[in-house]
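K.L.:
Quick one, data-v1.cif (mmCIF, C-alpha atoms (C1' of nucleotides)):
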data_target
#
loop_
_atom_site.label_atom_id
_atom_site.label_comp_id
_atom_site.auth_asym_id
_atom_site.auth_seq_id
_atom_site.Cartn_x
_atom_site.Cartn_y
_atom_site.Cartn_z
CA MET K 138 -8.68 19.46 104.62
CA ALA K 139 -8.64 23.22 104.36
CA TRP K 140 -8.93 24.10 100.71
CA ASP K 141 -6.76 26.89 99.50
CA PHE K 142 -6.59 27.30 95.75
CA THR K 143 -4.12 30.11 96.16
CA ASP K 144 -1.79 28.16 93.95
CA ASN K 145 -1.68 28.96 90.25
CA ALA K 146 -2.25 25.36 89.28
CA PRO K 147 -5.68 24.23 88.02
CA ILE K 148 -8.15 23.71 90.86
CA TYR K 149 -8.86 20.10 89.98
CA MET K 150 -5.12 19.36 90.13
CA GLN K 151 -4.79 20.96 93.54
CA ILE K 152 -7.65 18.78 94.70
CA VAL K 153 -5.96 15.70 93.26
CA ASN K 154 -2.72 16.48 95.06
CA GLY K 155 -4.43 17.36 98.32
CA LEU K 156 -6.54 14.21 98.37
CA GLN K 157 -3.53 12.14 97.38
CA ARG K 158 -1.65 13.42 100.40
CA GLU K 159 -4.58 12.77 102.70
CA ILE K 160 -4.93 9.23 101.39
CA ALA K 161 -1.21 8.61 101.62
CA SER K 162 -1.16 9.88 105.18
CA GLY K 163 -4.00 7.65 106.27
CA ALA K 164 -6.29 10.57 107.04
CA TYR K 165 -8.55 8.75 104.61
CA ALA K 166 -7.88 5.20 105.78
CA PRO K 167 -7.63 2.28 103.31
CA GLY K 168 -11.06 0.84 102.55
CA THR K 169 -12.78 3.99 103.76
CA ARG K 170 -15.72 5.32 101.78
CA LEU K 171 -15.23 8.83 100.47
CA PRO K 172 -18.01 11.41 100.54
CA SER K 173 -20.03 11.55 97.32
CA VAL K 174 -18.88 13.59 94.38
CA ARG K 175 -21.57 16.18 95.05
CA ASP K 176 -20.74 16.43 98.75
CA LEU K 177 -17.04 16.80 98.10
CA ALA K 178 -17.75 19.45 95.51
CA LEU K 179 -19.96 21.31 97.95
CA GLU K 180 -17.36 21.12 100.68
CA ALA K 181 -14.58 22.31 98.41
CA GLY K 182 -16.75 25.01 96.86
CA VAL K 183 -16.26 23.85 93.30
CA ASN K 184 -18.46 22.57 90.55
CA PRO K 185 -19.33 18.84 90.74
CA ASN K 186 -17.77 18.39 87.32
CA THR K 187 -14.49 19.75 88.60
CA MET K 188 -14.55 17.36 91.56
CA GLN K 189 -15.52 14.49 89.27
CA ARG K 190 -12.51 15.25 87.16
CA ALA K 191 -10.22 15.19 90.17
CA LEU K 192 -11.67 11.90 91.38
CA ALA K 193 -11.34 10.38 87.93
CA GLU K 194 -7.66 11.23 88.04
CA LEU K 195 -7.27 9.60 91.46
CA GLU K 196 -9.06 6.60 89.98
CA ARG K 197 -6.59 6.53 87.11
CA ARG K 198 -3.75 6.56 89.62
CA GLY K 199 -5.26 3.59 91.42
CA LEU K 200 -5.79 5.42 94.70
CA VAL K 201 -9.54 4.99 94.83
CA ASN K 202 -12.03 2.73 93.13
CA ALA K 203 -15.66 3.47 92.40
CA GLN K 204 -18.44 1.04 93.18
CA ARG K 205 -20.76 2.71 90.69
CA THR K 206 -23.74 2.91 93.02
CA ALA K 207 -22.35 2.43 96.52
CA GLY K 208 -19.72 5.15 96.42
CA ARG K 209 -15.99 5.50 96.18
CA PHE K 210 -13.49 3.72 98.38
CA VAL K 211 -9.84 4.22 99.21
CA THR K 212 -7.61 1.46 97.91
CA GLU K 213 -6.51 -1.18 100.38
CA ASP K 214 -3.11 -1.67 98.81
CA THR K 215 -1.23 -0.46 101.85
CA ALA K 216 2.10 -1.38 100.32
CA ALA K 217 1.45 0.96 97.41
CA LEU K 218 0.22 3.64 99.79
CA SER K 219 3.36 3.42 101.85
CA GLU K 220 5.51 3.60 98.76
CA MET K 221 3.55 6.56 97.49
CA ARG K 222 3.88 8.40 100.77
CA LYS K 223 7.63 8.09 100.57
CA SER K 224 7.67 9.10 96.95
CA LEU K 225 5.49 12.15 97.56
CA SER K 226 7.69 13.20 100.44
CA GLU K 227 10.73 13.01 98.19
CA THR K 228 9.08 15.11 95.51
CA ILE K 229 7.92 17.76 97.94
CA VAL K 230 11.31 18.07 99.61
CA ALA K 231 13.09 18.21 96.26
CA ASP K 232 10.80 21.00 95.06
CA PHE K 233 11.26 22.87 98.32
CA TYR K 234 15.03 22.53 98.13
CA ARG K 235 15.12 23.72 94.53
CA LYS K 236 13.19 26.87 95.36
CA MET K 237 15.22 27.67 98.45
CA ARG K 238 18.48 27.21 96.63
CA GLY K 239 17.10 29.44 93.90
CA LEU K 240 16.68 32.05 96.62
CA GLY K 241 20.36 31.70 97.37
CA LEU K 242 20.23 29.84 100.67
CA SER K 243 22.91 27.34 101.59
CA ASP K 244 22.08 23.84 102.79
CA GLU K 245 22.72 24.84 106.36
CA GLU K 246 20.55 27.92 106.05
CA ILE K 247 17.70 25.88 104.61
CA ILE K 248 17.66 23.54 107.57
CA SER K 249 17.96 26.43 109.94
CA VAL K 250 15.08 28.33 108.35
CA VAL K 251 12.80 25.30 108.54
CA ARG K 252 13.59 24.78 112.19
CA THR K 253 13.07 28.43 113.03
CA TRP K 254 9.84 28.65 111.08
CA ILE K 255 8.38 25.65 112.86
CA ARG K 256 9.39 26.99 116.25
CA GLU K 257 7.76 30.34 115.56
CA ASN K 258 4.64 29.25 113.69
CA THR K 259 3.26 26.30 115.59
CA ALA K 260 1.24 26.89 118.73
CA ASP K 261 1.21 23.35 119.99
CA ASN K 262 4.05 21.07 119.08
CA SER K 263 2.52 17.81 120.28
CA ALA K 264 2.07 16.62 116.69
CA ALA K 265 0.72 13.09 116.98
CA SER K 266 3.14 11.35 114.67
CA LEU K 267 1.81 9.00 112.05
CA SER K 268 5.16 7.43 111.42
CA SER K 269 4.35 4.39 113.51
CA GLN K 270 1.18 3.44 111.66
CA GLY K 271 2.32 3.20 108.10
CA GLY K 272 5.38 5.27 108.03
CA ASP K 273 8.80 3.89 107.45
CA LEU K 274 9.59 7.00 105.49
CA LYS K 275 13.24 5.89 105.39
CA MET L 142 18.27 28.80 85.89
CA ALA L 143 17.20 25.36 84.84
CA TRP L 144 13.68 25.61 83.53
CA ASP L 145 11.35 22.86 84.50
CA PHE L 146 7.68 23.52 83.77
CA THR L 147 6.76 20.22 85.42
CA ASP L 148 4.50 22.21 87.68
CA ASN L 149 0.83 22.50 86.80
CA ALA L 150 0.86 26.26 87.09
CA PRO L 151 0.83 28.41 83.94
CA ILE L 152 4.25 28.61 82.33
CA TYR L 153 4.45 32.39 82.46
CA MET L 154 3.77 32.25 86.22
CA GLN L 155 6.51 29.70 86.78
CA ILE L 156 8.85 32.01 84.91
CA VAL L 157 7.77 34.95 87.05
CA ASN L 158 8.41 33.03 90.25
CA GLY L 159 11.71 31.65 89.07
CA LEU L 160 13.04 35.02 87.95
CA GLN L 161 11.76 36.61 91.13
CA ARG L 162 13.79 34.16 93.18
CA GLU L 163 16.89 34.74 91.07
CA ILE L 164 16.55 38.49 91.44
CA ALA L 165 15.89 38.23 95.15
CA SER L 166 18.94 36.03 95.58
CA GLY L 167 21.22 38.39 93.74
CA ALA L 168 21.92 35.91 90.96
CA TYR L 169 20.67 38.79 88.82
CA ALA L 170 22.36 41.63 90.65
CA PRO L 171 20.66 45.01 91.17
CA GLY L 172 21.18 47.28 88.17
CA THR L 173 22.08 44.35 85.97
CA ARG L 174 20.74 44.23 82.45
CA LEU L 175 18.57 41.23 81.69
CA PRO L 176 18.82 39.35 78.40
CA SER L 177 16.33 40.54 75.79
CA VAL L 178 12.80 39.22 75.71
CA ARG L 179 13.59 37.16 72.63
CA ASP L 180 16.75 35.70 74.12
CA LEU L 181 15.06 34.79 77.37
CA ALA L 182 12.24 33.18 75.43
CA LEU L 183 14.69 31.20 73.37
CA GLU L 184 16.57 30.09 76.45
CA ALA L 185 13.42 29.03 78.25
CA GLY L 186 11.96 27.40 75.17
CA VAL L 187 8.75 29.39 75.19
CA ASN L 188 7.05 31.84 72.88
CA PRO L 189 8.32 35.43 73.09
CA ASN L 190 4.81 36.54 73.97
CA THR L 191 4.80 34.25 76.99
CA MET L 192 8.11 35.64 78.17
CA GLN L 193 6.90 39.17 77.54
CA ARG L 194 3.92 38.46 79.73
CA ALA L 195 6.14 37.19 82.54
CA LEU L 196 8.40 40.23 82.31
CA ALA L 197 5.45 42.58 82.31
CA GLU L 198 4.35 41.00 85.57
CA LEU L 199 7.81 41.46 87.07
CA GLU L 200 7.60 45.07 85.90
CA ARG L 201 4.26 45.45 87.64
CA ARG L 202 5.83 44.10 90.82
CA GLY L 203 8.60 46.67 90.59
CA LEU L 204 11.39 44.14 90.28
CA VAL L 205 12.61 45.28 86.89
CA ASN L 206 12.22 48.37 84.78
CA ALA L 207 12.36 48.63 81.03
CA GLN L 208 14.42 51.26 79.21
CA ARG L 209 12.36 50.82 76.06
CA THR L 210 15.31 50.58 73.71
CA ALA L 211 18.29 49.75 75.87
CA GLY L 212 16.87 46.71 77.60
CA ARG L 213 15.52 45.71 80.97
CA PHE L 214 17.30 46.26 84.25
CA VAL L 215 16.97 44.81 87.72
CA THR L 216 15.76 47.30 90.31
CA GLU L 217 18.38 48.85 92.58
CA ASP L 218 16.08 49.03 95.58
CA THR L 219 18.15 46.65 97.65
CA ALA L 220 16.02 47.23 100.72
CA ALA L 221 12.93 46.01 98.88
CA LEU L 222 14.90 43.09 97.48
CA SER L 223 16.04 42.04 100.91
CA GLU L 224 12.52 42.28 102.26
CA MET L 225 11.19 40.30 99.34
CA ARG L 226 13.77 37.58 99.81
CA LYS L 227 12.66 37.11 103.38
CA SER L 228 9.00 37.19 102.40
CA LEU L 229 9.50 34.62 99.64
CA SER L 230 11.37 32.37 101.99
CA GLU L 231 8.49 32.50 104.44
CA THR L 232 5.95 31.65 101.77
CA ILE L 233 7.97 28.73 100.44
CA VAL L 234 8.56 27.26 103.87
CA ALA L 235 4.90 27.67 104.82
CA ASP L 236 3.77 25.88 101.66
CA PHE L 237 6.30 23.14 102.24
CA TYR L 238 5.19 22.69 105.83
CA ARG L 239 1.51 22.55 104.85
CA LYS L 240 2.14 19.79 102.33
CA MET L 241 4.34 17.72 104.63
CA ARG L 242 1.84 17.96 107.47
CA GLY L 243 -0.83 16.91 104.99
CA LEU L 244 1.29 13.82 104.41
CA GLY L 245 1.08 13.11 108.11
CA LEU L 246 4.61 13.99 109.18
CA SER L 247 5.29 15.51 112.56
CA ASP L 248 7.39 18.62 113.03
CA GLU L 249 10.35 16.53 114.09
CA GLU L 250 9.97 14.22 111.12
CA ILE L 251 9.83 17.15 108.72
CA ILE L 252 13.13 18.53 109.96
CA SER L 253 14.65 15.08 109.91
CA VAL L 254 13.52 14.39 106.36
CA VAL L 255 14.96 17.66 105.10
CA ARG L 256 18.30 16.97 106.73
CA THR L 257 18.41 13.43 105.40
CA TRP L 258 17.40 14.47 101.92
CA ILE L 259 20.13 17.10 101.73
CA ARG L 260 22.73 14.70 103.02
CA GLU L 261 21.81 12.10 100.41
CA ASN L 262 21.15 14.31 97.41
CA THR L 263 23.95 16.83 97.33
CA ALA L 264 27.30 15.87 95.89
CA ASP L 265 29.28 18.81 97.13
CA ASN L 266 28.13 20.61 100.22
CA SER L 267 30.35 23.63 99.95
CA ALA L 268 27.38 25.87 99.05
CA ALA L 269 28.82 29.35 98.88
CA SER L 270 26.38 31.11 101.17
CA LEU L 271 24.82 34.35 100.05
CA SER L 272 23.65 35.26 103.52
CA SER L 273 26.46 37.74 103.99
CA GLN L 274 25.69 39.81 100.93
CA GLY L 275 22.09 40.71 101.42
CA GLY L 276 20.80 38.10 103.71
CA ASP L 277 19.68 38.73 107.24
CA LEU L 278 16.98 36.20 106.61
CA LYS L 279 16.19 36.27 110.32
"C1'" DC A 92 22.47 57.39 57.16
"C1'" DG A 93 21.09 52.62 57.78
"C1'" DT A 94 21.27 48.31 59.90
"C1'" DA A 95 20.44 45.73 63.94
"C1'" DC A 96 18.62 45.35 68.30
"C1'" DT A 97 15.63 47.08 72.11
"C1'" DG A 98 10.56 46.88 74.26
"C1'" DT A 99 5.82 46.83 72.94
"C1'" DA A 100 1.29 46.11 70.58
"C1'" DT A 101 -2.01 43.61 67.78
"C1'" DT A 102 -4.67 39.92 65.79
"C1'" DA A 103 -5.68 35.07 65.38
"C1'" DG A 104 -6.33 30.34 66.46
"C1'" DT A 105 -6.01 26.30 69.48
"C1'" DT A 106 -6.19 24.16 73.76
"C1'" DT A 107 -7.34 23.73 78.62
"C1'" DC A 108 -10.01 24.85 82.60
"C1'" DT A 109 -14.31 25.88 84.94
"C1'" DT A 110 -19.04 26.30 85.54
"C1'" DA A 111 -23.68 25.02 84.27
"C1'" DA A 112 -27.61 22.21 83.45
"C1'" DT A 113 -29.26 17.92 82.54
"C1'" DA A 114 -29.72 13.06 81.87
"C1'" DC A 115 -29.05 8.04 82.56
"C1'" DA A 116 -28.22 3.50 84.89
"C1'" DC A 117 -28.05 1.36 89.06
"C1'" DT A 118 -28.97 0.19 94.04
"C1'" DA A 119 -29.90 0.68 98.89
"C1'" DT A 120 -33.69 1.91 101.77
"C1'" DG A 121 -38.17 2.67 103.41
"C1'" DC Y 89 -42.48 -0.78 94.33
"C1'" DA Y 90 -40.89 4.04 94.73
"C1'" DT Y 91 -37.78 7.40 96.28
"C1'" DA Y 92 -33.33 9.03 97.12
"C1'" DG Y 93 -28.61 8.68 96.52
"C1'" DT Y 94 -24.64 6.57 94.03
"C1'" DG Y 95 -21.16 7.27 89.76
"C1'" DT Y 96 -21.06 8.74 85.06
"C1'" DA Y 97 -21.86 11.07 80.49
"C1'" DT Y 98 -23.10 14.92 77.51
"C1'" DT Y 99 -23.48 19.46 75.69
"C1'" DA Y 100 -22.72 24.31 76.01
"C1'" DA Y 101 -20.52 28.55 77.12
"C1'" DG Y 102 -17.04 31.56 78.76
"C1'" DA Y 103 -12.42 32.64 80.40
"C1'" DA Y 104 -7.55 31.90 80.51
"C1'" DA Y 105 -3.21 30.28 78.57
"C1'" DC Y 106 -0.07 29.47 74.82
"C1'" DT Y 107 1.71 29.82 70.34
"C1'" DA Y 108 2.21 32.28 66.05
"C1'" DA Y 109 3.17 35.90 62.89
"C1'" DT Y 110 3.75 40.57 62.30
"C1'" DA Y 111 4.31 45.42 63.00
"C1'" DC Y 112 5.93 49.77 65.05
"C1'" DA Y 113 8.79 53.23 67.62
"C1'" DG Y 114 13.05 54.28 69.34
"C1'" DT Y 115 18.18 53.86 70.08
"C1'" DA Y 116 23.00 52.18 69.56
"C1'" DC Y 117 26.56 51.56 66.40
"C1'" DG Y 118 29.30 51.04 62.31
#
Go through the file and emit its structure as structure tokens.

P.N.:
Amino acid sequence: MAWDFTDNAPIYMQIVNGLQREIASGAYAPGTRLPSVRDLALEAGVNPNTMQRALAELERRGLVNAQRTAGRFVTEDTAALSEMRKSLSETIVADFYRKMRGLGLSDEEIISVVRTWIRENTADNSAASLSSQGGDLK
Amino acid sequence: MAWDFTDNAPIYMQIVNGLQREIASGAYAPGTRLPSVRDLALEAGVNPNTMQRALAELERRGLVNAQRTAGRFVTEDTAALSEMRKSLSETIVADFYRKMRGLGLSDEEIISVVRTWIRENTADNSAASLSSQGGDLK
DNA sequence: CGTACTGTATTAGTTTCTTAATACACTATG
DNA sequence: CATAGTGTATTAAGAAACTAATACAGTACG
């Protein structure tokens, strides 16, 4: 993933949310071994302690489990992952809608703006859909 | 506005962004007097210093100007407001799109999910559009 | 005039976040 | 066995965020 940290939220929380989305999407497949804490920290450009904190939170949420010496692995509870993906999608859309309404846009305008933005800001629109592999996003 | 603070960003920054959207939308019309620092703080449930900090940032951004003893007033630079509204919309959509793609949704799915969500989560869909009063959101 | 209400400034203390530098226990690998 | 690579824990230091309690200067209004 391309790390941003332009948000105002704590870095470790942005990492948590980003990794959660990647796990929910299947970009990090169930059972897959994650890079080590130190490698992830290096890649993200943060202190290992910060990455450790993020991973501990993912652990607490049951998304990954540590093998102590072998590394960290993505949970294989695909049912939970599917549920989480749907839940995350809901949350993200709700937040988006709240902000856009706060800007004064009507429902119709919101849909229109999304469509226009996508048309104007995506070079290729092939977009290999993941909806068939775990999707069922309602 | 309904204050949330469920975000992980600093409270004062969430206030800044929320007020910025309300000003950009015209909910706080140009030239309008804002409630006092203390009243806004009371309403938002935060310390007056926190609200003061948020307002100082809005001041720095040129969205409001303080009259020292009379109160704070929304800028009357409607051209800048219109531009800002468009800019904010872009930023919000881009952030939304980045997160949804991170979840593995295709462009088509993103549009579909937005439409579905709106259909299922809005009681009345009358939505008095503001696009005629300052809009031209492209 | 004087009371109440503006924005603003100051000082303090607590908590959270981030980086830093180690250290330890354990295991896979050569 | 020894080395390197796991996750994990600890301690320290600095910066940022939030709350708290005042205080001051200026204006509107009765």

K.L.:
At a cut-off of 9 Å from (11.1, 19.9, 111.4) in the coordinates of the file, what residues are picked up using only C-alpha atoms (C1' of nucleotides), written as a CSV table (one decimal) with C-alpha atoms, in the coordinates of the input?

P.N.:
chain,number,residue,atom,x,y,z
K,248,ILE,CA,17.7,23.5,107.6
K,251,VAL,CA,12.8,25.3,108.5
K,252,ARG,CA,13.6,24.8,112.2
K,253,THR,CA,13.1,28.4,113.0
K,254,TRP,CA,9.8,28.6,111.1
K,255,ILE,CA,8.4,25.6,112.9
K,256,ARG,CA,9.4,27.0,116.2
L,238,TYR,CA,5.2,22.7,105.8
L,247,SER,CA,5.3,15.5,112.6
L,248,ASP,CA,7.4,18.6,113.0
L,249,GLU,CA,10.4,16.5,114.1
L,250,GLU,CA,10.0,14.2,111.1
L,251,ILE,CA,9.8,17.2,108.7
L,252,ILE,CA,13.1,18.5,110.0
L,253,SER,CA,14.6,15.1,109.9
L,254,VAL,CA,13.5,14.4,106.4
L,255,VAL,CA,15.0,17.7,105.1

K.L.:
Running the PyMOL selection byres ((chain A) within 10 of (chain L)) on this model by hand, what would come out? Give it as an mmCIF file with C-alpha atoms (C1' of nucleotides), keeping the file's coordinate frame.

P.N.:
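Output (part-v8.cif):
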data_model
loop_
_atom_site.group_PDB
_atom_site.id
_atom_site.type_symbol
_atom_site.label_atom_id
_atom_site.label_comp_id
_atom_site.auth_asym_id
_atom_site.auth_seq_id
_atom_site.Cartn_x
_atom_site.Cartn_y
_atom_site.Cartn_z
ATOM 1 C "C1'" DC A 96 18.620 45.350 68.300
ATOM 2 C "C1'" DT A 97 15.630 47.080 72.110
ATOM 3 C "C1'" DG A 98 10.560 46.880 74.260
ATOM 4 C "C1'" DT A 99 5.820 46.830 72.940
#

K.L.:
Could you give me, as a list in words, the residues within 8 Å of region 159-163 of chain K, counting all atoms listed in the file and dropping anything in the same chain fewer than 2 positions from it?

P.N.:
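Near region 159-163 of chain K, the qualifying residues are Gly155, Leu156, Gln157, Tyr165, Ala166, Pro167, Leu200, Val211, Leu218, Ser219, Met221, Arg222, Leu267 and Gly271 of chain K; Gly243, Leu244 and Gly245 of chain L.
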
K.L.:
Considering all atoms listed in the file, return as number ranges by chain whatever protein or nucleic-acid residues lie within 12 Å of DA104 (chain Y), sequence-local ones (same chain, fewer than 6 positions apart) excluded.

P.N.:
K: 145, 147; L: 151; A: 106-109

K.L.:
For the atom pair CA of Phe210 (chain K) and CA of Thr169 (chain K), what is the interatomic distance in Å to one decimal place?

P.N.:
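Atom-to-atom, CA of Phe210 (chain K) and CA of Thr169 (chain K) are spaced 5.4 Å apart.
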